[in-house]
Amino acid sequence: MLNSSQFRDWCLKLQLRESTREQIQQIRSSPPSRRVQSRRGNVSGRYPSQKMGMTIQFESHHHELAGIYSMEYDSGVLEYYDQPPKIKLNYESASGRQVGVEHTHDFFVIRQERAGWEEWKTTQELTQLTVKMPNRYQQVEPGRWQCPPGEDYANVRGLYYLVRTETEIDWYLQRNLYFLEDYSRASTELDTPISNQEKIMGLVATQPGITLSKLLELQFNPDEIYRLIATKKLYIDLSAADLASEAKKVQLFLSVETAYSIPQPIESENFGDTNNQILVKPDVGSQIIWDGINWQVLNLGSTEVTLLNPPQNLINLTITVFEELISSGKITVISNKTQNQSEIYSEIIDASESDCAEANRRYRIVAPYLIGSSPRNQNVPRSSFYRWIQSWKEAEQTKGYGYLGLLPQNSKKGNRQSKLPTLTLKLMDEYIAQDYETYKQKGKRAVYGALVNACEQQNTAVPSYKTFLKFCNSRPDYEQTKKRQGSRAAYKYEPFYWELEFTTPRHGDRPWAICHLDHTQLDIELVSSKTQAILGRPWVTFLSDAYSRRILALYLTFDPPSYRSCMMVMRDCVRRYGRFPQCLVVDGGKEFSSIYFERLLAMYECTSKTRPGGKPRFGSVCERLFGTANTMFIHNLAGNTQITKNSRQVTTAVNPRRHAVWTLGSLYQCLCNWVYEFYDHQEHLALGQSPFDAYHQGIAQTGLRPSRLILYDENFRILTLPTTSKGTAKVISNQGVKINYLYYWHNSFRNGSIEKTRVNVRYDPSDAGVAYAYVRGQWVRCISQYYSIFHGRSEREIQLATQELRQQHKQHSQKFIITAKALADFLEGTQATESILMQRLKDGETKDILSTISSHEEIKSESPQKTIPVVSETEFPQPQKPVEIKPYEEFW
C-alpha cells in the first residue's frame, strides 16, 4: 500500500483536483469493518490480500474473485478496495423518467497511471440489465459493455469507470496463480540445498522447453521447482497450460527471451509420407489461397491433386509439388466444410442403431467400387447401387465423410409438421406458462379445462388431453418446478456440474487447496460416565480435504455449532499437520461469520468461501462424510437413533435412550480410531484408492509447501481459544476472574486500578487449569485455584470431564452450580470414571508422547522434512514479543 507521501506524489503525477483527492482519501481511510457491515448479507467469501494487508470480500466465486487475483498479482495495480463508498448515478429510465440512484461498486482501483471504479458482472446479468435499464448499461461490442452515467461521473473527476465481465478472465492464468500462491507469498527461502535448485536450472538451460512432468519424473523436489517458477527464476507461460493437471504441456525456460527464441512445433496432421514433414492437411472441398487467388480442392488422390478456381479452370498438381508449395508458405489452406465437426458427429450419434446397420450394409456393397474393383453381385437393384455411390460422393464433397451419405435418414421421412393450428399451439403455451407454471400449483386437468374453453371461444381446434400432457411434460423440469414450487424444490433438477467453474475445480487439484468445514448431530444417545444419566446426542465437526477426501481433523462436543467448535477443529488441524487450508468452504451458518474465526483465517492467509444456501451439492464432500460416519459406524452402536426417524414405531423396548451405554469419552476415542485408522485406509469409490494414498500422492506431485506450515505455539493457541457468552469477566479481589464456574488468578489482578473492572477473557476447552485475561494491552496467563490438580492431566482427559459436567449442568435445575472443588473431586476422587482411569493408565504408558503435547514442546508435521519449534509455557508472555490481539465482542 502507498504511504502518505507516496499517495501525495501519485496525486501530483496525475494532476488530480483537490476534491478528487479528498474523495480517494476517504475511500482509502474507510475502515474494513464498515465495509463488511455494509454488505454482510451478500458476502460469499473473503480473500486475505497480501498487497492490501487486509481481507477483501467478494460476492461471486467466479468473476469477482478472479478480478481480485488479477489485481493482486498485477504490478500496475498499487491499491484496490472492495465496496467503496456509494456514488450517485443519474440517468433516464426505460420509461423516460429521470432517476438518480446511489450505487456501491465492487472495487475502487488505484493504478500506476489512473484510478477509478470497476464493476464486475456476468454477461447474462448485463444482457438482462440492458433491457431493464437501457440507459445505464449498454453493449458497445460483443463482450464489451459500458455504463454511461458511471463514466460521466468519473470523467468529471479525472477518473475512469469500467464494467468488466468474465470474458476478460484468463482462466489458465487464474488457476496457475492460485496454484503458485503459497510460494509467491513465502517470506523466506526454502530450507533445501541450493545445489538442487542449481541442478534444476542447469537442466533447463541445457534442455530449453523441458516439460514439468519430465522434471518431476527425475525425482526433483516439486517445492523447489514451483518456488523457482514463483520467484521467476524459471519462466513458463502461465496462460498456456494448467500446472496441476497438464504437467506434460508445461514447458520451462530460463527466461522469456529464451522461450520466444526457440521455435515451437506445429500440432497438425501429416500430409503425405515424404520427409516426415509436418504440413497442414487439406480436405476435399477445402479452400486454398495460391498467389492471391482462391482455389478449391476437388480431388485428393494418391499421386495428384485437382484444383478449381472461380473462373472454373481446372489444374492438376502432383502431391510432391503440392506439398512443397504448402511447406514454403506459397499455398495457405483454409477449411471450407459446410458443417463443423460437432455437427458431423451429431449426425452419426443421432442416427438409430438400425440406420447405422443399414449404412454398414450399403458400405460393404459399394466399397469394392470405391477402391476401383468391380462390384460384387449383391442382388441389389442397379439404380439403388449407383444412387448410393452418388450419395457417398456428395457427402464426401460437402461434409468430408462419404459414410454420412449412406445413412437412410428414416427419422426425417414423412410429414413432421404439427397438425394443430398455430393459434392452438400459442394458447397451449400461454396457459401452461401463465396458468399451470405458477405458485398456485393448479392441477393439469383444471388448466386443460380452461384451455378447452379458450379454444372454443376463439374458434380453433381443441388439443386432446394426451397432447396437452405431452407438451406440458416436455418443458424443462427445473424451470417448471421453480415457477411452481420455488428454487429450493427445483434444486434437485438443476444440472450437476463436476466443476464449479473452470478456474476452480470442484474438488481442487491438490491436497489443502479446498477444504470443507461443517457440523452435524450424530445419531446416538450418550450417557454420563458418572451417573449414567442420558446426556443427549453429541455434535461433531469435520474438517475434510476435498481432493483426497481425507478427514483432517474432528471435534466432538455436546454444545451446538458455534465459533468455538470451528476454532477448536482448526486448532486440532494445526496440531496434527502444522498447516491451514488455502481455501475453506463453509455454509451460511452464523458461527462462520464470527469476528474471532474470520480474523484467525485472515491471519493465516486462508480464503473463505460461503456456499449457496439450500444447495447441498456445493458441500457434498462433507455432507457425504456425515452420511458415511453415521451409516458405517454410528448406526452399528448401541443407543443409535435410526428408529426415531419413524417415531410411530418407537416403543419402550426399542427406545434408544434405554439402550444408551456410550459416553462422550469412549465415543470420541472410537470415532478417532474409525476416522484416522479405518476410513483413512479404505479404498474410496470416487478416487480408486484410499484417502491416505491420495493425500500423499498429491503431496508428492504438487509439493509439501513449507511456507504454509504453522507453529503450534502459545501464540497460536491463544488465537484459537474461545471466550464466554459475555466475553468479559469481573476481577474480584483475592479471587481473580470467574470463567465457567472456576476462579483464575494472575498477579496483575492485585493492582487497585484493575480490581472490580471487567476484562476480556478466554479459556482453554482442553485444559481447565489455565485461562487468559487481557490486561494492560496484553494477554496474561491465569491459573486455576486447583491448578495443582489439573496440571499434568492429558488434554483429552480434562476435555472429556469438562464436557460431561457442563452437559449435566444444563440438564439440572438453575440451583445446581459447578464449583472448582466438584470438578477437582470428579477427576481425583471416587467419582472418577472407568474411562478416565483407563486414560490415566494409557497416559502413563505413553508419557513421553503426551508430555510433548501437553507441555507444548516441539511437534512435527506429517512431512519428515519440517520440524516446527514451539514456544515453551515458561517463556510466555514475553515483553519483547507481545501478542497484539484486539478485543472484539462475541459474534453468534
# chains A, B, ... in the order shown; residues from 1 in each chain; ligands from 1

$ select_by_dssp --residues "region 572-778 of chain A" --states "helix (DSSP H, G or I)" --output "MDAnalysis selection string"
chainID A and resid 572:577 590:593 595:603 616:632 634:636 642:645 647:649 656:658 664:681 691:702 706:708 714:719 747:750

$ residues_around --residues "Phe716 (chain A)" --least-positions-apart "4" --cutoff "10 Å" --atoms "only C-alpha atoms" --output "list in words"
Arg571, Val574, Leu600, Ile710, Leu711, Tyr712, Thr720, Leu721, Val870 and Val883 of chain A

$ write_last_selection --atoms "N, CA, C and O atoms" --output "PDB file, in the first residue's frame"
ATOM      1  N   ARG A 571      -7.664 -25.748  15.374  1.00  0.00           N
ATOM      2  CA  ARG A 571      -6.541 -25.943  16.286  1.00  0.00           C
ATOM      3  C   ARG A 571      -6.044 -27.385  16.216  1.00  0.00           C
ATOM      4  O   ARG A 571      -4.837 -27.647  16.190  1.00  0.00           O
ATOM      5  N   VAL A 574      -3.987 -27.904  13.005  1.00  0.00           N
ATOM      6  CA  VAL A 574      -2.607 -27.416  13.081  1.00  0.00           C
ATOM      7  C   VAL A 574      -1.775 -28.319  13.973  1.00  0.00           C
ATOM      8  O   VAL A 574      -0.590 -28.562  13.709  1.00  0.00           O
ATOM      9  N   LEU A 600      -8.893 -15.276  12.515  1.00  0.00           N
ATOM     10  CA  LEU A 600      -7.971 -16.407  12.516  1.00  0.00           C
ATOM     11  C   LEU A 600      -7.639 -16.845  11.093  1.00  0.00           C
ATOM     12  O   LEU A 600      -6.474 -17.080  10.761  1.00  0.00           O
ATOM     13  N   ILE A 710       2.636 -23.920  10.056  1.00  0.00           N
ATOM     14  CA  ILE A 710       2.290 -23.011  11.153  1.00  0.00           C
ATOM     15  C   ILE A 710       2.846 -23.579  12.451  1.00  0.00           C
ATOM     16  O   ILE A 710       2.758 -24.788  12.709  1.00  0.00           O
ATOM     17  N   LEU A 711       3.419 -22.712  13.280  1.00  0.00           N
ATOM     18  CA  LEU A 711       3.927 -23.129  14.575  1.00  0.00           C
ATOM     19  C   LEU A 711       2.762 -23.360  15.537  1.00  0.00           C
ATOM     20  O   LEU A 711       1.923 -22.487  15.725  1.00  0.00           O
ATOM     21  N   TYR A 712       2.742 -24.522  16.123  1.00  0.00           N
ATOM     22  CA  TYR A 712       1.728 -24.812  17.148  1.00  0.00           C
ATOM     23  C   TYR A 712       2.300 -24.366  18.495  1.00  0.00           C
ATOM     24  O   TYR A 712       2.741 -25.154  19.313  1.00  0.00           O
ATOM     25  N   THR A 720      -6.814 -19.353  19.053  1.00  0.00           N
ATOM     26  CA  THR A 720      -7.887 -20.318  18.850  1.00  0.00           C
ATOM     27  C   THR A 720      -8.703 -20.567  20.106  1.00  0.00           C
ATOM     28  O   THR A 720      -9.558 -21.464  20.116  1.00  0.00           O
ATOM     29  N   LEU A 721      -8.478 -19.798  21.153  1.00  0.00           N
ATOM     30  CA  LEU A 721      -9.231 -20.003  22.385  1.00  0.00           C
ATOM     31  C   LEU A 721     -10.585 -19.302  22.297  1.00  0.00           C
ATOM     32  O   LEU A 721     -10.675 -18.161  21.842  1.00  0.00           O
ATOM     33  N   VAL A 870       8.178 -24.851  19.060  1.00  0.00           N
ATOM     34  CA  VAL A 870       7.063 -24.267  19.801  1.00  0.00           C
ATOM     35  C   VAL A 870       7.610 -23.544  21.009  1.00  0.00           C
ATOM     36  O   VAL A 870       8.515 -24.011  21.691  1.00  0.00           O
ATOM     37  N   VAL A 883       1.695 -10.229  22.372  1.00  0.00           N
ATOM     38  CA  VAL A 883       0.650 -10.752  21.486  1.00  0.00           C
ATOM     39  C   VAL A 883      -0.348  -9.640  21.218  1.00  0.00           C
ATOM     40  O   VAL A 883      -1.099  -9.241  22.089  1.00  0.00           O
TER      41      VAL A 883
END

$ residues_around --residues "Arg46 (chain A)" --least-positions-apart "4" --cutoff "9 Å" --atoms "only C-alpha atoms" --output "PyMOL selection string"
chain A and resi 55-59+65+598+602+606-610

$ write_last_selection --atoms "N, CA, C and O atoms" --output "compact mmCIF listing (two decimals), in the first residue's frame"
# COMPACT_ATOMS: atom_id res chain seq x y z
N THR A 55 -8.41 -8.18 4.63
CA THR A 55 -9.25 -9.16 3.98
C THR A 55 -10.17 -8.47 2.99
O THR A 55 -10.88 -7.52 3.34
N ILE A 56 -10.17 -8.95 1.75
CA ILE A 56 -11.02 -8.41 0.69
C ILE A 56 -12.19 -9.35 0.49
O ILE A 56 -12.00 -10.55 0.30
N GLN A 57 -13.40 -8.82 0.54
CA GLN A 57 -14.58 -9.66 0.41
C GLN A 57 -15.11 -9.63 -1.02
O GLN A 57 -14.88 -8.70 -1.77
N PHE A 58 -15.80 -10.70 -1.38
CA PHE A 58 -16.35 -10.81 -2.73
C PHE A 58 -17.68 -11.54 -2.65
O PHE A 58 -17.93 -12.32 -1.74
N GLU A 59 -18.53 -11.26 -3.65
CA GLU A 59 -19.85 -11.88 -3.70
C GLU A 59 -19.86 -13.12 -4.59
O GLU A 59 -20.60 -14.06 -4.33
N LEU A 65 -13.85 -12.89 -7.61
CA LEU A 65 -12.62 -13.46 -7.07
C LEU A 65 -11.53 -13.50 -8.12
O LEU A 65 -10.35 -13.27 -7.83
N GLU A 598 -13.09 -15.27 11.60
CA GLU A 598 -12.65 -14.57 10.40
C GLU A 598 -11.23 -14.06 10.55
O GLU A 598 -10.41 -14.12 9.63
N ALA A 602 -7.90 -15.00 8.33
CA ALA A 602 -7.16 -13.94 7.63
C ALA A 602 -5.70 -13.90 8.06
O ALA A 602 -4.81 -13.65 7.25
N CYS A 606 -5.96 -17.71 4.79
CA CYS A 606 -6.89 -18.73 4.34
C CYS A 606 -8.12 -18.05 3.76
O CYS A 606 -8.81 -17.30 4.45
N THR A 607 -8.40 -18.28 2.47
CA THR A 607 -9.56 -17.70 1.81
C THR A 607 -10.80 -18.49 2.19
O THR A 607 -10.81 -19.72 2.11
N SER A 608 -11.84 -17.80 2.63
CA SER A 608 -13.09 -18.48 2.99
C SER A 608 -14.13 -18.24 1.91
O SER A 608 -14.24 -17.14 1.37
N LYS A 609 -14.87 -19.31 1.58
CA LYS A 609 -15.95 -19.23 0.61
C LYS A 609 -17.22 -19.76 1.25
O LYS A 609 -17.21 -20.82 1.89
N THR A 610 -18.30 -19.02 1.09
CA THR A 610 -19.59 -19.44 1.62
C THR A 610 -20.40 -20.06 0.50
O THR A 610 -20.69 -19.40 -0.50

$ atom_distance --atom1 "CA of Tyr596 (chain A)" --atom2 "CA of Pro538 (chain A)"
23.7 Å

$ select_by_dssp --residues "region 291-436 of chain A" --states "strand (DSSP E)" --output "PyMOL selection string"
chain A and resi 293-300+304-308+314-318+331-334

$ residues_around --residues "Glu181 (chain A)" --least-positions-apart "3" --cutoff "12 Å" --atoms "only C-alpha atoms" --output "CSV table (one decimal) with all heavy atoms, in the first residue's frame"
chain,number,residue,atom,x,y,z
A,48,PRO,N,-7.7,-13.1,1.9
A,48,PRO,CA,-6.7,-12.3,2.6
A,48,PRO,C,-5.6,-11.7,1.7
A,48,PRO,O,-4.8,-12.5,1.2
A,48,PRO,CB,-6.1,-13.4,3.5
A,48,PRO,CG,-6.3,-14.7,2.8
A,48,PRO,CD,-7.6,-14.5,2.1
A,49,SER,N,-5.7,-10.5,1.4
A,49,SER,CA,-4.8,-9.8,0.4
A,49,SER,C,-3.5,-9.5,1.1
A,49,SER,O,-3.4,-8.8,2.1
A,49,SER,CB,-5.5,-8.6,-0.2
A,49,SER,OG,-4.6,-7.8,-0.9
A,50,GLN,N,-2.4,-9.9,0.5
A,50,GLN,CA,-1.1,-9.6,0.9
A,50,GLN,C,-0.7,-8.2,0.5
A,50,GLN,O,0.0,-7.4,1.2
A,50,GLN,CB,0.0,-10.6,0.4
A,50,GLN,CG,1.3,-10.5,1.1
A,50,GLN,CD,2.3,-11.5,0.6
A,50,GLN,OE1,2.2,-11.9,-0.6
A,50,GLN,NE2,3.1,-12.0,1.4
A,69,TYR,N,-7.7,-11.7,-7.9
A,69,TYR,CA,-6.5,-12.3,-8.3
A,69,TYR,C,-5.7,-11.5,-9.3
A,69,TYR,O,-4.5,-11.4,-9.3
A,69,TYR,CB,-6.7,-13.8,-8.8
A,69,TYR,CG,-6.7,-14.8,-7.7
A,69,TYR,CD1,-7.8,-15.4,-7.2
A,69,TYR,CD2,-5.5,-15.2,-7.1
A,69,TYR,CE1,-7.8,-16.3,-6.2
A,69,TYR,CE2,-5.4,-16.1,-6.1
A,69,TYR,CZ,-6.6,-16.7,-5.6
A,69,TYR,OH,-6.6,-17.6,-4.6
A,72,GLU,N,-4.3,-8.5,-7.5
A,72,GLU,CA,-3.4,-8.9,-6.5
A,72,GLU,C,-2.0,-9.1,-7.1
A,72,GLU,O,-1.0,-8.7,-6.5
A,72,GLU,CB,-3.8,-10.1,-5.8
A,72,GLU,CG,-2.9,-10.6,-4.7
A,72,GLU,CD,-3.0,-9.7,-3.4
A,72,GLU,OE1,-3.9,-8.9,-3.3
A,72,GLU,OE2,-2.1,-9.9,-2.5
A,73,TYR,N,-1.9,-9.7,-8.3
A,73,TYR,CA,-0.6,-10.0,-8.9
A,73,TYR,C,-0.3,-9.2,-10.1
A,73,TYR,O,0.5,-9.5,-10.9
A,73,TYR,CB,-0.6,-11.5,-9.3
A,73,TYR,CG,-0.7,-12.4,-8.2
A,73,TYR,CD1,-1.9,-13.0,-7.8
A,73,TYR,CD2,0.4,-12.7,-7.4
A,73,TYR,CE1,-2.0,-13.8,-6.6
A,73,TYR,CE2,0.3,-13.6,-6.3
A,73,TYR,CZ,-0.9,-14.1,-5.9
A,73,TYR,OH,-1.0,-14.9,-4.8
A,173,LEU,N,-4.4,-18.6,-16.4
A,173,LEU,CA,-3.6,-17.7,-15.6
A,173,LEU,C,-4.1,-17.7,-14.2
A,173,LEU,O,-3.4,-17.8,-13.2
A,173,LEU,CB,-3.6,-16.3,-16.2
A,173,LEU,CG,-2.8,-15.2,-15.3
A,173,LEU,CD1,-1.3,-15.6,-15.2
A,173,LEU,CD2,-3.0,-13.9,-16.0
A,174,GLN,N,-5.4,-17.7,-14.0
A,174,GLN,CA,-6.1,-17.7,-12.7
A,174,GLN,C,-5.7,-18.9,-11.9
A,174,GLN,O,-5.3,-18.9,-10.8
A,174,GLN,CB,-7.6,-17.6,-12.9
A,174,GLN,CG,-8.1,-16.2,-13.3
A,174,GLN,CD,-8.0,-15.2,-12.2
A,174,GLN,OE1,-8.3,-15.5,-11.1
A,174,GLN,NE2,-7.5,-14.0,-12.6
A,175,ARG,N,-5.8,-20.1,-12.6
A,175,ARG,CA,-5.6,-21.3,-11.9
A,175,ARG,C,-4.1,-21.5,-11.5
A,175,ARG,O,-3.8,-22.0,-10.4
A,175,ARG,CB,-6.0,-22.5,-12.7
A,175,ARG,CG,-7.5,-22.6,-12.9
A,175,ARG,CD,-7.9,-23.9,-13.6
A,175,ARG,NE,-7.5,-25.1,-12.8
A,175,ARG,CZ,-7.8,-26.3,-13.1
A,175,ARG,NH1,-8.6,-26.6,-14.2
A,175,ARG,NH2,-7.4,-27.4,-12.4
A,176,ASN,N,-3.2,-21.0,-12.4
A,176,ASN,CA,-1.8,-21.1,-12.1
A,176,ASN,C,-1.4,-20.1,-11.0
A,176,ASN,O,-0.5,-20.4,-10.1
A,176,ASN,CB,-1.0,-20.9,-13.3
A,176,ASN,CG,-1.1,-22.0,-14.3
A,176,ASN,OD1,-1.3,-23.1,-13.9
A,176,ASN,ND2,-1.0,-21.7,-15.6
A,177,LEU,N,-2.0,-18.9,-10.9
A,177,LEU,CA,-1.7,-18.0,-9.8
A,177,LEU,C,-2.1,-18.6,-8.5
A,177,LEU,O,-1.4,-18.4,-7.5
A,177,LEU,CB,-2.4,-16.7,-10.1
A,177,LEU,CG,-1.8,-15.8,-11.2
A,177,LEU,CD1,-2.6,-14.6,-11.4
A,177,LEU,CD2,-0.3,-15.4,-11.0
A,178,TYR,N,-3.3,-19.2,-8.5
A,178,TYR,CA,-3.8,-19.8,-7.3
A,178,TYR,C,-2.9,-21.0,-6.9
A,178,TYR,O,-2.6,-21.2,-5.7
A,178,TYR,CB,-5.2,-20.3,-7.6
A,178,TYR,CG,-5.9,-21.0,-6.4
A,178,TYR,CD1,-6.4,-20.2,-5.3
A,178,TYR,CD2,-6.0,-22.3,-6.3
A,178,TYR,CE1,-7.0,-20.8,-4.2
A,178,TYR,CE2,-6.6,-22.9,-5.2
A,178,TYR,CZ,-7.1,-22.1,-4.2
A,178,TYR,OH,-7.7,-22.7,-3.1
A,184,SER,N,4.6,-17.8,-3.9
A,184,SER,CA,4.8,-16.3,-4.1
A,184,SER,C,4.7,-15.5,-2.8
A,184,SER,O,5.2,-14.4,-2.7
A,184,SER,CB,3.9,-15.8,-5.2
A,184,SER,OG,2.5,-16.1,-4.8
A,185,ARG,N,3.9,-16.0,-1.9
A,185,ARG,CA,3.7,-15.3,-0.6
A,185,ARG,C,4.7,-15.7,0.4
A,185,ARG,O,4.8,-15.0,1.5
A,185,ARG,CB,2.3,-15.7,0.0
A,185,ARG,CG,1.2,-15.1,-0.8
A,185,ARG,CD,-0.1,-15.2,0.0
A,185,ARG,NE,-1.2,-14.5,-0.7
A,185,ARG,CZ,-2.3,-14.0,0.0
A,185,ARG,NH1,-2.4,-14.1,1.2
A,185,ARG,NH2,-3.2,-13.3,-0.7
A,186,ALA,N,5.5,-16.7,0.2
A,186,ALA,CA,6.5,-17.1,1.2
A,186,ALA,C,7.5,-16.0,1.5
A,186,ALA,O,8.1,-15.4,0.5
A,186,ALA,CB,7.2,-18.4,0.7
A,187,SER,N,7.8,-15.7,2.7
A,187,SER,CA,8.7,-14.6,3.1
A,187,SER,C,10.1,-15.1,3.2
A,187,SER,O,11.1,-14.3,3.1
A,187,SER,CB,8.3,-14.0,4.4
A,187,SER,OG,8.3,-15.0,5.4
A,226,TYR,N,8.5,-25.4,-8.1
A,226,TYR,CA,7.4,-24.4,-8.0
A,226,TYR,C,8.0,-23.1,-7.4
A,226,TYR,O,7.5,-22.0,-7.8
A,226,TYR,CB,6.2,-24.9,-7.3
A,226,TYR,CG,5.6,-26.2,-7.9
A,226,TYR,CD1,5.3,-27.3,-7.1
A,226,TYR,CD2,5.4,-26.3,-9.2
A,226,TYR,CE1,4.7,-28.4,-7.6
A,226,TYR,CE2,4.9,-27.4,-9.8
A,226,TYR,CZ,4.5,-28.5,-9.0
A,226,TYR,OH,4.0,-29.6,-9.6
A,227,ARG,N,8.9,-23.2,-6.5
A,227,ARG,CA,9.5,-22.0,-5.9
A,227,ARG,C,10.3,-21.2,-7.0
A,227,ARG,O,10.2,-20.0,-7.0
A,227,ARG,CB,10.4,-22.4,-4.7
A,227,ARG,CG,11.1,-21.2,-4.1
A,227,ARG,CD,10.1,-20.3,-3.3
A,227,ARG,NE,10.8,-19.3,-2.6
A,227,ARG,CZ,10.2,-18.3,-1.9
A,227,ARG,NH1,8.9,-18.3,-1.8
A,227,ARG,NH2,10.9,-17.4,-1.2
A,229,ILE,N,9.7,-21.2,-10.1
A,229,ILE,CA,8.7,-20.6,-11.1
A,229,ILE,C,8.1,-19.4,-10.4
A,229,ILE,O,7.9,-18.3,-11.1
A,229,ILE,CB,7.7,-21.7,-11.5
A,229,ILE,CG1,8.3,-22.8,-12.2
A,229,ILE,CG2,6.6,-21.0,-12.3
A,229,ILE,CD1,7.4,-24.0,-12.5
A,230,ALA,N,7.7,-19.5,-9.2
A,230,ALA,CA,7.0,-18.4,-8.5
A,230,ALA,C,7.9,-17.2,-8.3
A,230,ALA,O,7.5,-16.0,-8.4
A,230,ALA,CB,6.5,-18.8,-7.1
A,231,THR,N,9.2,-17.4,-8.1
A,231,THR,CA,10.2,-16.3,-8.0
A,231,THR,C,10.8,-15.9,-9.3
A,231,THR,O,11.7,-15.1,-9.3
A,231,THR,CB,11.3,-16.7,-7.0
A,231,THR,OG1,11.9,-17.9,-7.5
A,231,THR,CG2,10.8,-17.0,-5.6
A,513,ALA,N,-5.9,-27.5,-1.1
A,513,ALA,CA,-6.3,-26.4,-1.9
A,513,ALA,C,-7.7,-26.0,-1.5
A,513,ALA,O,-8.0,-24.8,-1.4
A,513,ALA,CB,-6.2,-26.8,-3.4
A,582,GLN,N,-5.7,-23.7,2.1
A,582,GLN,CA,-5.7,-22.5,1.3
A,582,GLN,C,-7.0,-21.9,1.1
A,582,GLN,O,-7.2,-20.6,1.1
A,582,GLN,CB,-5.0,-22.7,0.0
A,582,GLN,CG,-4.8,-21.5,-0.9
A,582,GLN,CD,-4.0,-21.8,-2.2
A,582,GLN,OE1,-3.7,-22.9,-2.4
A,582,GLN,NE2,-3.7,-20.7,-2.9
A,583,CYS,N,-8.0,-22.7,0.9
A,583,CYS,CA,-9.4,-22.2,0.7
A,583,CYS,C,-10.3,-23.1,1.6
A,583,CYS,O,-10.3,-24.3,1.5
A,583,CYS,CB,-9.8,-22.3,-0.7
A,583,CYS,SG,-11.5,-21.8,-1.0
A,605,GLU,N,-3.8,-16.5,6.2
A,605,GLU,CA,-4.0,-16.3,4.7
A,605,GLU,C,-4.8,-17.5,4.2
A,605,GLU,O,-4.5,-18.1,3.2
A,605,GLU,CB,-2.6,-16.3,4.0
A,605,GLU,CG,-1.8,-15.1,4.5
A,605,GLU,CD,-0.4,-15.1,3.8
A,605,GLU,OE1,-0.1,-16.1,3.1
A,605,GLU,OE2,0.2,-14.0,3.9
A,606,CYS,N,-6.0,-17.7,4.8
A,606,CYS,CA,-6.9,-18.7,4.3
A,606,CYS,C,-8.1,-18.0,3.8
A,606,CYS,O,-8.8,-17.3,4.5
A,606,CYS,CB,-7.3,-19.7,5.5
A,606,CYS,SG,-8.5,-20.9,5.1
A,607,THR,N,-8.4,-18.3,2.5
A,607,THR,CA,-9.6,-17.7,1.8
A,607,THR,C,-10.8,-18.5,2.2
A,607,THR,O,-10.8,-19.7,2.1
A,607,THR,CB,-9.4,-17.7,0.3
A,607,THR,OG1,-8.2,-17.0,-0.1
A,607,THR,CG2,-10.6,-17.1,-0.4
A,705,ARG,N,4.9,-27.6,0.3
A,705,ARG,CA,4.7,-26.2,0.5
A,705,ARG,C,5.0,-25.8,2.0
A,705,ARG,O,4.2,-25.4,2.8
A,705,ARG,CB,3.2,-25.8,0.2
A,705,ARG,CG,2.9,-26.1,-1.2
A,705,ARG,CD,1.4,-26.0,-1.6
A,705,ARG,NE,1.2,-26.5,-2.9
A,705,ARG,CZ,1.1,-25.7,-4.0
A,705,ARG,NH1,1.1,-24.4,-3.8
A,705,ARG,NH2,0.9,-26.2,-5.2
A,707,SER,N,6.2,-23.2,3.2
A,707,SER,CA,5.8,-21.8,3.6
A,707,SER,C,4.4,-21.8,4.3
A,707,SER,O,4.1,-20.8,5.0
A,707,SER,CB,5.8,-20.9,2.4
A,707,SER,OG,4.8,-21.3,1.4
A,708,ARG,N,3.6,-22.8,4.1
A,708,ARG,CA,2.3,-22.8,4.7
A,708,ARG,C,2.3,-23.4,6.1
A,708,ARG,O,1.3,-23.4,6.8
A,708,ARG,CB,1.3,-23.6,3.9
A,708,ARG,CG,1.1,-23.1,2.5
A,708,ARG,CD,0.2,-21.8,2.5
A,708,ARG,NE,-1.1,-22.0,3.0
A,708,ARG,CZ,-2.1,-21.1,3.0
A,708,ARG,NH1,-1.9,-20.0,2.4
A,708,ARG,NH2,-3.3,-21.4,3.5

$ residues_around --residues "Gln112 (chain A)" --least-positions-apart "3" --cutoff "9 Å" --atoms "only C-alpha atoms" --output "list in words"
Trp10, Ser75, Gly76, Val77, Leu78 and Ala115 of chain A

$ residues_around --residues "region 129-136 of chain A" --least-positions-apart "4" --cutoff "9 Å" --atoms "only C-alpha atoms" --output "MDAnalysis selection string"
chainID A and resid 89:94 124:125 146:150

$ atom_distance --atom1 "CA of Asn740 (chain A)" --atom2 "CA of Phe597 (chain A)"
21.1 Å

$ closest_residue --among "A:Glu118, A:Glu623, A:Glu714, A:Glu324" --to "Asp82 (chain A)" --atoms "only C-alpha atoms"
A:Glu118

$ closest_atom_pairs --of "region 67-170 of chain A" --to "region 20-28 of chain A" --cutoff "12 Å" --atoms "only C-alpha atoms" --output "CSV"
residue,atom,partner,partner_atom,distance
A:Leu78,CA,A:Arg28,CA,11.9
A:Glu79,CA,A:Arg28,CA,8.9
A:Tyr80,CA,A:Arg28,CA,8.9
A:Tyr81,CA,A:Arg28,CA,7.5
A:Asp82,CA,A:Ile27,CA,9.5
A:Gln83,CA,A:Ile27,CA,9.2
A:Pro84,CA,A:Ile27,CA,5.8
A:Pro85,CA,A:Ile27,CA,6.5
A:Lys86,CA,A:Ile27,CA,10.0
A:Ile87,CA,A:Gln23,CA,10.4
A:Thr104,CA,A:Ile27,CA,11.9
A:His105,CA,A:Ile27,CA,11.9
A:Phe107,CA,A:Ile27,CA,10.3
A:Phe108,CA,A:Ile27,CA,8.0
A:Val109,CA,A:Ile24,CA,10.0
A:Ile110,CA,A:Ile24,CA,9.1
A:Arg114,CA,A:Ile24,CA,12.0
A:Ala115,CA,A:Ile24,CA,9.1
A:Gly116,CA,A:Ile24,CA,9.3
A:Trp117,CA,A:Ile24,CA,10.8
A:Tyr153,CA,A:Thr20,CA,11.4
A:Ala154,CA,A:Thr20,CA,9.8
A:Asn155,CA,A:Thr20,CA,11.0
A:Val156,CA,A:Thr20,CA,9.5
A:Arg157,CA,A:Thr20,CA,5.9
A:Gly158,CA,A:Thr20,CA,7.9
A:Leu159,CA,A:Thr20,CA,8.6
